[in-house]
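Undergrad: Input file: data13.txt. Contents: compact mmCIF, C-alpha atoms and all ligand atoms.
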```txt
# COMPACT_ATOMS: atom_id res chain seq x y z
CA PRO A 139 -0.84 27.46 5.50
CA GLN A 140 -1.59 24.77 2.96
CA THR A 141 -4.29 22.76 4.72
CA PHE A 142 -5.01 19.07 4.15
CA ARG A 143 -8.03 17.23 5.60
CA ILE A 144 -7.30 13.64 6.57
CA LEU A 145 -9.96 11.11 7.48
CA VAL A 146 -8.34 8.76 10.01
CA LEU A 147 -9.77 5.21 10.21
CA PRO A 148 -7.46 3.12 12.43
CA GLY A 149 -9.55 -0.08 12.34
CA ASP A 150 -9.04 -3.11 14.57
CA HIS A 151 -6.29 -4.90 16.52
CA VAL A 152 -2.89 -3.53 15.42
CA GLY A 153 -4.57 -0.89 13.23
CA PRO A 154 -4.78 1.72 16.02
CA GLU A 155 -1.26 0.81 17.26
CA VAL A 156 0.41 1.60 13.94
CA MET A 157 -1.86 4.59 13.26
CA VAL A 158 -0.59 6.39 16.39
CA GLU A 159 2.96 6.28 15.04
CA ALA A 160 1.97 7.45 11.54
CA LEU A 161 0.14 10.43 13.03
CA ARG A 162 3.18 11.33 15.13
CA VAL A 163 5.30 11.32 11.96
CA LEU A 164 2.78 13.64 10.26
CA ASP A 165 2.94 15.92 13.30
CA VAL A 166 6.70 16.19 12.83
CA VAL A 167 6.19 17.20 9.20
CA GLN A 168 3.63 19.81 10.24
CA THR A 169 5.71 21.24 13.08
CA SER A 170 8.88 21.39 11.01
CA SER A 171 7.10 23.24 8.21
CA VAL A 172 6.82 26.26 10.56
CA GLY A 173 3.29 27.16 9.57
CA LYS A 174 3.43 26.20 5.90
CA ILE A 175 1.64 22.83 6.19
CA LYS A 176 -1.38 22.02 8.32
CA PHE A 177 -3.03 18.62 8.68
CA VAL A 178 -6.61 18.60 9.93
CA TYR A 179 -7.66 15.20 11.23
CA ASN A 180 -11.16 13.79 11.35
CA HIS A 181 -11.07 10.67 13.55
CA GLN A 182 -13.79 8.14 12.72
CA ILE A 183 -14.14 4.37 12.91
CA ALA A 184 -14.51 1.53 10.42
CA GLY A 185 -14.25 -2.25 10.62
CA GLY A 186 -15.10 -4.51 13.52
CA CYS A 187 -15.16 -1.60 15.96
CA SER A 188 -17.85 0.04 13.81
CA ILE A 189 -19.87 -3.20 13.75
CA ASN A 190 -19.74 -3.23 17.53
CA ARG A 191 -20.87 0.37 17.85
CA HIS A 192 -23.13 0.93 14.84
CA GLY A 193 -23.98 -2.55 13.59
CA THR A 194 -22.26 -1.87 10.26
CA PRO A 195 -18.55 -1.96 9.26
CA ILE A 196 -18.74 1.53 7.82
CA THR A 197 -21.53 4.06 8.22
CA ASP A 198 -22.96 6.15 5.39
CA GLU A 199 -21.80 9.20 7.33
CA VAL A 200 -18.16 8.02 7.29
CA LEU A 201 -18.46 7.31 3.56
CA ARG A 202 -19.83 10.82 3.06
CA ILE A 203 -17.00 12.39 5.06
CA ALA A 204 -14.50 10.37 3.02
CA LYS A 205 -15.86 11.68 -0.25
CA GLU A 206 -17.00 15.20 0.58
CA GLU A 207 -14.91 16.43 3.47
CA SER A 208 -11.49 14.79 3.10
CA ASP A 209 -8.45 15.21 0.91
CA ALA A 210 -7.30 11.66 1.73
CA VAL A 211 -8.13 8.68 3.92
CA LEU A 212 -5.47 7.19 6.18
CA PHE A 213 -6.62 3.66 6.91
CA GLY A 214 -5.21 1.11 9.37
CA SER A 215 -6.46 -2.44 9.04
CA VAL A 216 -9.67 -4.19 9.89
CA GLY A 217 -10.96 -7.61 10.84
CA GLY A 218 -10.34 -10.33 13.38
CA PRO A 219 -11.55 -13.73 14.53
CA GLU A 220 -14.20 -12.27 16.85
CA TRP A 221 -16.20 -10.98 13.86
CA GLY A 222 -15.65 -13.97 11.62
CA THR A 223 -16.31 -13.90 7.91
CA THR A 224 -20.09 -13.74 7.79
CA TYR A 225 -21.25 -10.77 5.75
CA PRO A 226 -21.25 -7.88 6.53
CA ASN A 227 -17.85 -8.50 8.14
CA PRO A 228 -15.25 -5.78 8.93
CA GLU A 229 -13.43 -6.35 5.64
CA SER A 230 -16.57 -5.53 3.65
CA GLY A 231 -16.41 -2.01 5.11
CA LEU A 232 -13.04 -1.48 3.49
CA LEU A 233 -14.35 -2.80 0.18
CA ARG A 234 -17.28 -0.37 0.38
CA LEU A 235 -14.90 2.51 1.02
CA ARG A 236 -12.73 1.60 -1.98
CA GLN A 237 -15.80 1.34 -4.17
CA HIS A 238 -17.34 4.55 -2.82
CA LEU A 239 -14.19 6.56 -3.65
CA ASP A 240 -13.65 4.56 -6.85
CA ALA A 241 -10.07 4.08 -5.65
CA PHE A 242 -9.32 1.63 -8.43
CA ALA A 243 -5.53 1.90 -8.68
CA ASN A 244 -3.83 0.19 -5.76
CA ILE A 245 -0.10 0.93 -5.82
CA ARG A 246 1.91 -1.55 -3.71
CA PRO A 247 5.67 -0.95 -3.96
CA CYS A 248 8.01 -3.87 -3.29
CA THR A 249 11.51 -2.76 -2.43
CA PHE A 250 14.14 -2.98 0.29
CA TYR A 251 13.94 0.35 2.05
CA SER A 252 17.35 -0.35 3.55
CA ARG A 253 20.21 -2.58 2.43
CA SER A 254 20.29 -3.92 5.96
CA LEU A 255 17.01 -5.73 5.27
CA ILE A 256 18.46 -7.83 2.45
CA PRO A 257 20.03 -10.47 4.72
CA LEU A 258 16.65 -10.81 6.48
CA SER A 259 14.89 -11.89 3.29
CA PRO A 260 14.17 -15.62 3.15
CA LEU A 261 15.76 -15.50 -0.32
CA LYS A 262 19.52 -15.62 -0.87
CA PRO A 263 20.93 -12.06 -0.79
CA ALA A 264 22.17 -12.29 -4.38
CA ILE A 265 18.63 -13.05 -5.51
CA ALA A 266 16.81 -10.61 -3.26
CA GLU A 267 18.99 -7.51 -3.59
CA GLY A 268 17.94 -4.85 -6.06
CA THR A 269 14.30 -5.95 -6.05
CA ASN A 270 12.21 -2.89 -6.83
CA PHE A 271 8.84 -3.10 -8.48
CA ILE A 272 5.39 -1.66 -8.05
CA LEU A 273 2.59 -4.13 -7.87
CA LEU A 274 -0.37 -2.27 -9.35
CA ARG A 275 -3.53 -4.05 -8.30
CA GLU A 276 -6.92 -3.26 -9.82
CA ASN A 277 -8.94 -2.45 -6.72
CA CYS A 278 -12.61 -1.96 -7.58
CA GLY A 279 -13.55 -4.82 -9.89
CA GLY A 280 -13.09 -8.55 -10.39
CA ALA A 281 -14.06 -11.31 -8.00
CA SER A 282 -14.24 -9.13 -4.87
CA PHE A 283 -17.01 -7.00 -6.34
CA GLY A 284 -18.85 -9.35 -8.71
CA GLN A 285 -22.31 -10.69 -8.06
CA LYS A 286 -22.34 -13.19 -5.19
CA VAL A 287 -24.59 -16.15 -4.57
CA GLU A 288 -24.40 -17.69 -1.14
CA GLU A 289 -26.56 -20.67 -0.24
CA ALA A 290 -26.12 -23.55 2.18
CA ASP A 291 -24.65 -25.92 -0.40
CA PHE A 292 -23.70 -23.60 -3.22
CA ALA A 293 -21.74 -20.36 -3.51
CA SER A 294 -20.30 -18.37 -6.38
CA ASP A 295 -18.47 -15.10 -7.06
CA SER A 296 -18.62 -13.55 -10.46
CA TRP A 297 -15.11 -12.57 -11.60
CA ALA A 298 -16.11 -9.85 -14.02
CA TYR A 299 -14.31 -6.97 -15.76
CA ARG A 300 -15.36 -4.28 -18.20
CA ARG A 301 -13.06 -2.80 -20.83
CA ASP A 302 -12.91 0.61 -19.18
CA GLU A 303 -11.86 -0.90 -15.83
CA VAL A 304 -8.88 -2.64 -17.43
CA GLU A 305 -8.01 0.39 -19.56
CA ARG A 306 -7.81 2.86 -16.70
CA CYS A 307 -5.61 0.53 -14.70
CA ALA A 308 -3.33 0.08 -17.74
CA ARG A 309 -3.05 3.88 -17.98
CA VAL A 310 -1.89 4.11 -14.38
CA ALA A 311 0.67 1.36 -15.01
CA ALA A 312 1.95 3.34 -17.99
CA ALA A 313 2.14 6.50 -15.88
CA LEU A 314 4.12 4.73 -13.15
CA ALA A 315 6.61 3.01 -15.46
CA PRO A 316 8.66 6.15 -16.22
CA THR A 317 9.03 6.83 -12.48
CA MET A 318 10.68 3.43 -12.07
CA GLY A 319 13.11 3.41 -14.97
CA LYS A 320 14.75 0.40 -16.55
CA ASP A 321 17.20 0.15 -13.69
CA GLY A 322 14.20 -0.25 -11.45
CA LEU A 323 15.66 2.15 -8.93
CA GLY A 324 12.66 4.43 -8.79
CA THR A 325 14.78 7.55 -8.94
CA GLY A 326 12.35 9.28 -11.24
CA GLN A 327 15.31 10.10 -13.50
CA CYS A 328 15.28 7.59 -16.28
CA PRO A 329 17.42 8.61 -19.25
CA GLU A 330 17.32 5.02 -20.44
CA GLY A 331 13.54 5.10 -20.74
CA PRO A 332 10.57 3.76 -18.83
CA ALA A 333 10.57 0.43 -17.07
CA THR A 334 8.80 -2.63 -18.43
CA VAL A 335 5.15 -3.14 -17.56
CA TRP A 336 4.28 -6.78 -16.82
CA SER A 337 0.63 -7.59 -17.30
CA SER A 338 -0.53 -10.63 -15.38
CA ASP A 339 -3.74 -12.62 -15.72
CA LYS A 340 -5.02 -16.14 -16.43
CA ALA A 341 -5.99 -15.59 -20.05
CA ASN A 342 -5.43 -19.29 -20.66
CA VAL A 343 -8.38 -20.16 -18.41
CA LEU A 344 -10.51 -17.16 -17.47
CA ALA A 345 -12.67 -15.14 -19.85
CA SER A 346 -12.00 -12.05 -17.75
CA GLY A 347 -8.28 -12.85 -18.15
CA ARG A 348 -8.61 -12.84 -21.93
CA LEU A 349 -10.29 -9.44 -21.76
CA TRP A 350 -7.54 -8.22 -19.40
CA GLN A 351 -4.80 -9.31 -21.81
CA ARG A 352 -6.49 -8.05 -24.98
CA VAL A 353 -7.50 -4.64 -23.62
CA THR A 354 -4.09 -4.10 -22.01
CA SER A 355 -2.29 -4.97 -25.25
CA GLN A 356 -4.53 -2.61 -27.23
CA ALA A 357 -4.12 0.24 -24.75
CA PHE A 358 -0.32 -0.01 -24.81
CA ALA A 359 -0.15 -0.39 -28.60
CA GLN A 360 -2.35 2.66 -29.15
CA GLU A 361 -1.41 4.97 -26.30
CA PHE A 362 1.99 3.88 -24.98
CA PRO A 363 3.98 2.31 -27.83
CA HIS A 364 7.21 3.59 -26.22
CA ILE A 365 6.67 1.44 -23.11
CA GLU A 366 7.62 -2.22 -23.23
CA LEU A 367 4.68 -4.43 -22.29
CA ARG A 368 5.15 -8.08 -21.39
CA HIS A 369 2.66 -10.70 -20.31
CA GLN A 370 3.15 -13.36 -17.66
CA LEU A 371 0.44 -15.73 -16.52
CA ALA A 372 -0.30 -15.14 -12.84
CA ASP A 373 0.57 -18.65 -11.66
CA SER A 374 4.00 -18.69 -13.23
CA LEU A 375 4.60 -15.06 -12.27
CA SER A 376 4.21 -16.07 -8.64
CA MET A 377 6.93 -18.69 -9.09
CA LEU A 378 9.26 -16.31 -10.94
CA MET A 379 8.76 -13.63 -8.27
CA VAL A 380 10.44 -15.97 -5.80
CA LYS A 381 13.07 -17.29 -8.18
CA ASN A 382 14.12 -13.97 -9.64
CA PRO A 383 12.18 -11.01 -8.21
CA ARG A 384 14.41 -8.44 -9.97
CA MET A 385 13.09 -9.51 -13.36
CA PHE A 386 9.86 -7.65 -12.48
CA ASN A 387 11.59 -4.38 -11.63
CA GLY A 388 9.12 -1.98 -13.12
CA VAL A 389 5.36 -2.32 -12.80
CA ILE A 390 3.17 -5.41 -12.51
CA HIS A 391 -0.34 -4.58 -13.73
CA THR A 392 -2.79 -7.17 -12.51
CA ASP A 393 -6.34 -7.81 -11.45
CA ASN A 394 -7.85 -7.58 -7.98
CA THR A 395 -7.49 -11.18 -6.81
CA PHE A 396 -4.09 -11.90 -8.34
CA GLY A 397 -2.87 -8.53 -7.09
CA ASP A 398 -4.01 -9.37 -3.56
CA MET A 399 -2.14 -12.67 -3.56
CA LEU A 400 0.95 -11.41 -5.36
CA SER A 401 1.36 -8.42 -3.06
CA ASP A 402 1.44 -10.60 0.05
CA GLN A 403 3.90 -12.83 -1.74
CA ALA A 404 6.02 -9.77 -2.49
CA GLY A 405 5.99 -9.25 1.29
CA GLY A 406 7.47 -12.71 1.59
CA VAL A 407 10.26 -11.74 -0.80
CA VAL A 408 11.26 -8.90 1.51
CA GLY A 409 10.61 -11.07 4.56
CA THR A 410 7.84 -9.14 6.29
CA LEU A 411 4.65 -7.28 5.52
CA GLY A 412 5.67 -4.79 8.20
CA VAL A 413 7.32 -2.48 5.66
CA PHE A 414 4.73 -2.71 2.85
CA PRO A 415 2.68 0.44 2.27
CA SER A 416 -0.02 1.07 -0.31
CA ALA A 417 -1.94 3.84 -2.01
CA SER A 418 -5.33 3.41 -3.66
CA LEU A 419 -5.96 6.18 -6.16
CA CYS A 420 -8.95 7.15 -8.24
CA GLY A 421 -6.89 8.59 -11.08
CA ILE A 422 -3.52 8.79 -12.77
CA PRO A 423 -0.77 9.95 -10.39
CA ASP A 424 0.50 12.82 -12.53
CA GLY A 425 1.17 15.27 -9.71
CA VAL A 426 -1.49 17.58 -11.14
CA ASN A 427 -4.81 15.83 -10.63
CA ARG A 428 -4.78 15.11 -6.95
CA CYS A 429 -7.25 12.53 -5.86
CA ASN A 430 -8.76 11.60 -2.57
CA GLY A 431 -6.93 8.31 -2.14
CA ILE A 432 -6.91 5.62 0.56
CA TYR A 433 -3.55 4.98 2.21
CA GLU A 434 -3.12 1.75 4.12
CA PRO A 435 -0.56 -0.95 4.79
CA VAL A 436 -0.76 -4.16 2.76
CA HIS A 437 -0.86 -6.16 5.98
CA GLY A 438 -3.97 -6.97 7.98
CA SER A 439 -4.94 -6.43 11.59
CA ALA A 440 -2.46 -9.09 12.81
CA PRO A 441 -4.55 -10.24 15.81
CA ASP A 442 -1.76 -12.66 16.76
CA ILE A 443 0.53 -9.79 17.82
CA ALA A 444 -2.02 -7.13 18.80
CA ARG A 445 -1.82 -5.35 22.18
CA LYS A 446 1.78 -6.43 22.70
CA GLY A 447 3.33 -3.20 21.46
CA MET A 448 5.44 -5.16 18.99
CA VAL A 449 3.81 -4.50 15.61
CA ASN A 450 6.04 -2.83 13.03
CA PRO A 451 4.54 0.63 12.25
CA THR A 452 6.74 1.18 9.17
CA ALA A 453 4.12 0.14 6.60
CA GLN A 454 1.62 2.62 8.05
CA ILE A 455 4.25 5.37 8.20
CA LEU A 456 5.30 4.73 4.60
CA SER A 457 1.61 4.76 3.60
CA ALA A 458 1.34 8.24 5.13
CA ALA A 459 4.37 9.23 3.02
CA MET A 460 2.57 7.98 -0.09
CA MET A 461 -0.40 10.14 0.91
CA LEU A 462 1.82 13.22 0.96
CA ARG A 463 3.20 12.33 -2.47
CA TYR A 464 0.05 11.29 -4.30
CA SER A 465 -2.79 13.22 -2.70
CA PHE A 466 -1.15 16.35 -1.28
CA GLY A 467 1.59 17.12 -3.83
CA LEU A 468 4.20 17.03 -1.04
CA ALA A 469 6.73 14.78 -2.76
CA PRO A 470 9.81 16.26 -1.01
CA GLU A 471 8.26 15.65 2.41
CA ALA A 472 7.32 12.09 1.38
CA THR A 473 10.88 11.42 0.24
CA THR A 474 12.19 12.77 3.54
CA ILE A 475 9.99 10.38 5.54
CA GLU A 476 11.28 7.50 3.41
CA ALA A 477 14.83 8.68 4.02
CA ALA A 478 14.22 8.76 7.78
CA VAL A 479 12.81 5.21 7.67
CA GLN A 480 15.85 4.10 5.72
CA LYS A 481 18.26 5.71 8.19
CA VAL A 482 16.56 4.05 11.15
CA LEU A 483 16.55 0.64 9.43
CA ASP A 484 20.20 1.17 8.48
CA GLY A 485 20.90 1.73 12.17
CA LYS A 486 22.94 4.80 11.29
CA ASP A 487 22.44 8.24 12.73
CA ILE A 488 20.92 6.86 15.90
CA GLY A 489 24.10 6.05 17.74
CA GLY A 490 24.77 2.89 15.76
CA LEU A 491 21.85 1.24 17.53
CA GLU A 492 19.81 -1.19 15.50
CA ILE A 493 16.16 -0.46 16.12
CA ARG A 494 14.34 -3.49 14.78
CA SER A 495 10.87 -4.80 15.48
CA ALA A 496 10.30 -8.52 16.03
CA ASP A 497 9.28 -9.20 12.41
CA LEU A 498 12.78 -8.00 11.45
CA GLY A 499 14.50 -10.14 14.05
CA GLY A 500 14.79 -7.46 16.75
CA CYS A 501 13.02 -6.62 19.97
CA ALA A 502 12.21 -2.92 19.56
CA THR A 503 8.68 -1.90 20.42
CA THR A 504 6.26 -0.14 18.08
CA LYS A 505 6.81 3.08 19.99
CA GLN A 506 10.61 2.81 19.95
CA LEU A 507 10.52 2.52 16.15
CA GLY A 508 8.10 5.44 15.91
CA ASP A 509 10.30 7.50 18.25
CA ALA A 510 13.41 6.78 16.20
CA ILE A 511 11.75 7.64 12.89
CA CYS A 512 10.30 10.88 14.32
CA MET A 513 13.67 11.86 15.77
CA VAL A 514 15.62 11.25 12.57
CA LEU A 515 12.92 12.91 10.48
CA SER A 516 12.86 16.02 12.59
CA ARG A 517 16.64 16.20 12.48
CA ILE A 518 16.65 15.98 8.66
CA LEU A 519 13.89 18.58 8.35
CA LYS A 520 15.62 20.98 10.77
CA GLY A 521 18.84 20.64 8.79
CA GLU A 522 16.95 21.55 5.62
CA GLN A 523 15.42 24.58 7.32
CA GLN A 524 18.85 25.86 8.33
CA GLU A 525 20.18 25.38 4.81
CA HIS A 526 17.40 27.61 3.51
CA GLN A 527 18.12 30.40 5.98
P1 LIG B 1 -2.06 -10.19 8.54
O1 LIG B 1 -1.42 -9.41 7.48
O2 LIG B 1 -2.85 -9.47 9.53
O3 LIG B 1 -0.95 -11.04 9.31
C1 LIG B 1 -0.13 -12.02 8.66
C2 LIG B 1 1.13 -12.28 9.49
O4 LIG B 1 2.02 -11.16 9.36
C3 LIG B 1 0.85 -12.40 11.00
O5 LIG B 1 1.71 -13.35 11.56
C4 LIG B 1 1.17 -11.01 11.53
O6 LIG B 1 1.58 -11.01 12.88
C5 LIG B 1 2.29 -10.57 10.62
N1 LIG B 1 2.27 -9.11 10.44
C6 LIG B 1 1.40 -8.40 9.67
N2 LIG B 1 1.65 -7.11 9.75
C7 LIG B 1 2.71 -6.96 10.58
C8 LIG B 1 3.43 -5.84 11.05
N3 LIG B 1 3.11 -4.58 10.69
N4 LIG B 1 4.45 -6.05 11.91
C9 LIG B 1 4.78 -7.30 12.29
N5 LIG B 1 4.14 -8.41 11.85
C10 LIG B 1 3.11 -8.24 11.01
O7 LIG B 1 -2.96 -11.31 7.80
P2 LIG B 1 -4.07 -12.33 8.39
O8 LIG B 1 -3.59 -12.87 9.70
O9 LIG B 1 -4.38 -13.24 7.30
O10 LIG B 1 -5.33 -11.41 8.64
C11 LIG B 1 -5.76 -10.92 9.90
C12 LIG B 1 -7.02 -10.09 9.69
O11 LIG B 1 -6.72 -8.91 8.95
C13 LIG B 1 -8.11 -10.82 8.90
O12 LIG B 1 -9.35 -10.51 9.49
C14 LIG B 1 -8.00 -10.22 7.51
O13 LIG B 1 -9.21 -10.26 6.78
C15 LIG B 1 -7.63 -8.80 7.84
N6 LIG B 1 -6.95 -8.06 6.77
C16 LIG B 1 -7.24 -6.72 6.70
C17 LIG B 1 -6.58 -5.94 5.79
C18 LIG B 1 -6.89 -4.49 5.73
O14 LIG B 1 -7.65 -3.99 6.55
N7 LIG B 1 -6.34 -3.73 4.80
C19 LIG B 1 -5.61 -6.50 4.95
C20 LIG B 1 -5.33 -7.85 5.05
C21 LIG B 1 -6.00 -8.64 5.98
C1 LIG B 2 -5.88 -6.29 1.24
C2 LIG B 2 -6.88 -7.13 2.02
C3 LIG B 2 -8.30 -6.77 1.61
C4 LIG B 2 -8.53 -7.23 0.17
C5 LIG B 2 -9.41 -7.33 2.51
C6 LIG B 2 -9.17 -7.05 3.96
C7 LIG B 2 -10.73 -6.74 2.10
O1 LIG B 2 -6.59 -8.47 1.91
O2 LIG B 2 -6.01 -5.07 1.21
O3 LIG B 2 -4.94 -6.86 0.69
O4 LIG B 2 -8.90 -8.38 -0.09
O5 LIG B 2 -8.33 -6.40 -0.70
MN MN B 3 -4.60 -8.84 1.04
```
Would you write the structure of this file as structure tokens?
TA:
Amino acid sequence: PQTFRILVLPGDHVGPEVMVEALRVLDVVQTSSVGKIKFVYNHQIAGGCSINRHGTPITDEVLRIAKEESDAVLFGSVGGPEWGTTYPNPESGLLRLRQHLDAFANIRPCTFYSRSLIPLSPLKPAIAEGTNFILLRENCGGASFGQKVEEADFASDSWAYRRDEVERCARVAAALAPTMGKDGLGTGQCPEGPATVWSSDKANVLASGRLWQRVTSQAFAQEFPHIELRHQLADSLSMLMVKNPRMFNGVIHTDNTFGDMLSDQAGGVVGTLGVFPSASLCGIPDGVNRCNGIYEPVHGSAPDIARKGMVNPTAQILSAAMMLRYSFGLAPEATTIEAAVQKVLDGKDIGGLEIRSADLGGCATTKQLGDAICMVLSRILKGEQQEHQ
């Protein structure tokens, strides 16, 4: 069989709860492949649980396994009030992992996986529907990684970028644009040409923003003249994302801090972070150069709903689908998982029952959602098997 090694880092609070469901979905993919696909899991810990056991949010050994012995990292979420923010906190373990793998390209898609979610958006349906963009967040530079000074009465973070860091992110944005298409539907078939890339920064105020804008403009002019590049300052982009999210259908290419804020805001457009996956890659997703990426939901460890069995596992499951697409070259399987998620959210194919977690206005448990997605997925995959026979 084709074998893929997955480092599993569930993290804290709801992290392990959603991870269980994602692993069950992967098991369905493996079983249904009848011996063609094999996932080999290495279960380790990172985050607050690692601080408790090892005194550090991520051990050197886990970092080594991530780099040398894994084809991808499936990550849950880390952090919580019991560990606070004092360095080295759980979150710093995740930052170290991103830096260690140089997973600089953080792909955060914002779309309605099912039409049935549109009425649940806090935006009017006519404004929300059709929203479909990728927020591409630079993931290894900027304010999160700059030099820090921390004293009793003074603190600073250096918000620094180098040309090559902006350039490589711009190249990923350019590679993703043709997969979106001008209609923003993400069908991968775009006769009308690649989608617009929106570059977002604060070039009016920040020196690093001026570099971001200048280098991005140069990269597109020289390497991607066929792709439309537009600029929108990050503050006004955040307003426009609420007023007219469809205008960004395509790719938003932005720096680490703005990308962090704008991706949570994109969650607000859809109405929950519970369906927001992400992929952090160390190269251009061209389907040829597979990279050891990190796959994790956009949401955090949600301590407020942990241990109640009510967290929505969809973001973690969709992150696993992104792992199949971007790190394992299993795009058809990834698409099938997304189709199963859509069917469950649509409430079709499962006896007309609406299986909705609390964040989507329902009362289904984490496990019930996982069960439904696994059931529909296995049904689709079995159907495909029979077609082939
Ligand atoms: P959060 O994303 O954990 O939660 C924000 C709100 O969204 C909460 O009300 C939560 O209940 C809800 N929510 C989030 N995910 C959900 C899901 N899958 N289903 C249903 N509801 C969901 O953000 P926060 O409360 O600001 O952060 C909590 C902790 O998580 C902090 O320690 C933070 O640093 C950490 N964090 C970690 C990651 C990560 O590991 N990748 C990302 C973001 C935040
Ligand atoms: C995210 C999170 C992380 C970040 C934290 C937990 C380190 O907010 O992935 O969006 O700031 O990147
Ligand atoms: Mn965040």
Undergrad: Around ligand LIG 2 (chain B), out to 10 Å and counting all atoms listed in the file, which residues are there? I want them as a VMD selection string.
TA: chain A and resid 185 215 to 217 227 to 234 236 244 246 275 to 278 281 to 282 394 to 395 397 to 402 416 418 434 to 439
Undergrad: Find the distance between atom CA of A:Val156 and atom CA of A:Ser170 and write it in Å to one decimal.
TA: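 Between these atoms lies a distance of 21.7 Å.
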Undergrad: Would you kindly return, as a PyMOL selection string, each protein, DNA or RNA residue with an atom no farther than 10 Å from any atom of stretch 284-301 of chain A, considering all atoms listed in the file and excluding same-chain residues fewer than 3 positions away?
TA: chain A and resi 278-281+304-306+344-347+349-350+352-354+393-395
Undergrad: With a distance cut-off of 10 Å and only C-alpha atoms, select the neighbouring residues of A:Lys176, excluding the residue or stretch itself and same-chain residues fewer than 3 positions from it, and output the selection as an mmCIF file with C-alpha atoms, keeping the file's coordinate frame.
TA:
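This is the output file result30.cif:
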```cif
data_model
loop_
_atom_site.group_PDB
_atom_site.id
_atom_site.type_symbol
_atom_site.label_atom_id
_atom_site.label_comp_id
_atom_site.auth_asym_id
_atom_site.auth_seq_id
_atom_site.Cartn_x
_atom_site.Cartn_y
_atom_site.Cartn_z
ATOM 1 C CA PRO A 139 -0.840 27.460 5.500
ATOM 2 C CA GLN A 140 -1.590 24.770 2.960
ATOM 3 C CA THR A 141 -4.290 22.760 4.720
ATOM 4 C CA PHE A 142 -5.010 19.070 4.150
ATOM 5 C CA ARG A 143 -8.030 17.230 5.600
ATOM 6 C CA LEU A 164 2.780 13.640 10.260
ATOM 7 C CA ASP A 165 2.940 15.920 13.300
ATOM 8 C CA VAL A 167 6.190 17.200 9.200
ATOM 9 C CA GLN A 168 3.630 19.810 10.240
ATOM 10 C CA THR A 169 5.710 21.240 13.080
ATOM 11 C CA SER A 171 7.100 23.240 8.210
ATOM 12 C CA VAL A 172 6.820 26.260 10.560
ATOM 13 C CA GLY A 173 3.290 27.160 9.570
ATOM 14 C CA TYR A 179 -7.660 15.200 11.230
#
```
Undergrad: How many Å separate atom CA of A:Leu161 from atom CA of A:Ser188?
TA: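 Atom-to-atom, atom CA of A:Leu161 and atom CA of A:Ser188 are spaced 20.8 Å apart.
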Undergrad: Give the answer as one residue: which of A:Thr392, A:Glu159, A:Lys520, A:Ala315 has the shortest atom-to-atom distance to A:Gln506, using all atoms listed in the file?
TA: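 Smallest distance to A:Gln506 is found for A:Glu159.
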Undergrad: Neighbouring residues of A:Arg445 were defined as those with any atom within 9 Å, considering all atoms listed in the file; residues of the same chain fewer than 4 positions away were excluded. Please report them as a PyMOL selection string.
TA: chain A and resi 151-152+155+441+449
Undergrad: Let me have the centre and edge lengths of the axis-aligned box enclosing all listed atoms of ligand LIG 1 (chain B) with 4 Å padding on every side, in Å to one decimal, as AutoDock Vina command-line options.
TA:
```
--center_x -2.3 --center_y -8.5 --center_z 8.8 --size_x 22.1 --size_y 17.6 --size_z 16.1
```
Undergrad: Given the choices A:Gly431, A:Pro226, A:Pro415, A:Gly447, which gets closest to ligand MN 3 (chain B) if the distance is worked out from only C-alpha atoms and all ligand atoms?
TA: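 Closest residue, counting only C-alpha atoms and all ligand atoms: A:Pro415.
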Undergrad: Contacts of A:Leu378 at 12 Å or less, counting all atoms listed in the file, minus same-chain residues fewer than 4 places along, as an MDAnalysis selection string?
TA: chainID A and resid 265 370:374 382:386 400 403:404 407
Undergrad: So, counting all atoms listed in the file, which residue among A:Leu145, A:Leu498, A:Ala453, A:Ile175 is closest to A:Leu235?
TA: A:Leu145
Undergrad: Kindly indicate which residue among A:Ile443, A:Cys187, A:Val408, A:Leu255 lies nearest to ligand LIG 1 (chain B), using only C-alpha atoms and all ligand atoms for the distances.
TA: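 Nearest candidate to ligand LIG 1 (chain B) out of A:Ile443, A:Cys187, A:Val408, A:Leu255: A:Ile443.
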Undergrad: Would you please work out which residue, of A:Thr269, A:Gly500, A:Phe396, A:Met157, is nearest to ligand MN 3 (chain B) when using all atoms listed in the file?
TA: A:Phe396
Undergrad: Nearest to A:Val200 among A:Ile390, A:Cys501, A:Ile511, A:Ile183, with distances taken over all atoms listed in the file: which residue is it?
TA: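 Ranking A:Ile390, A:Cys501, A:Ile511, A:Ile183 by distance to A:Val200, first place goes to A:Ile183.
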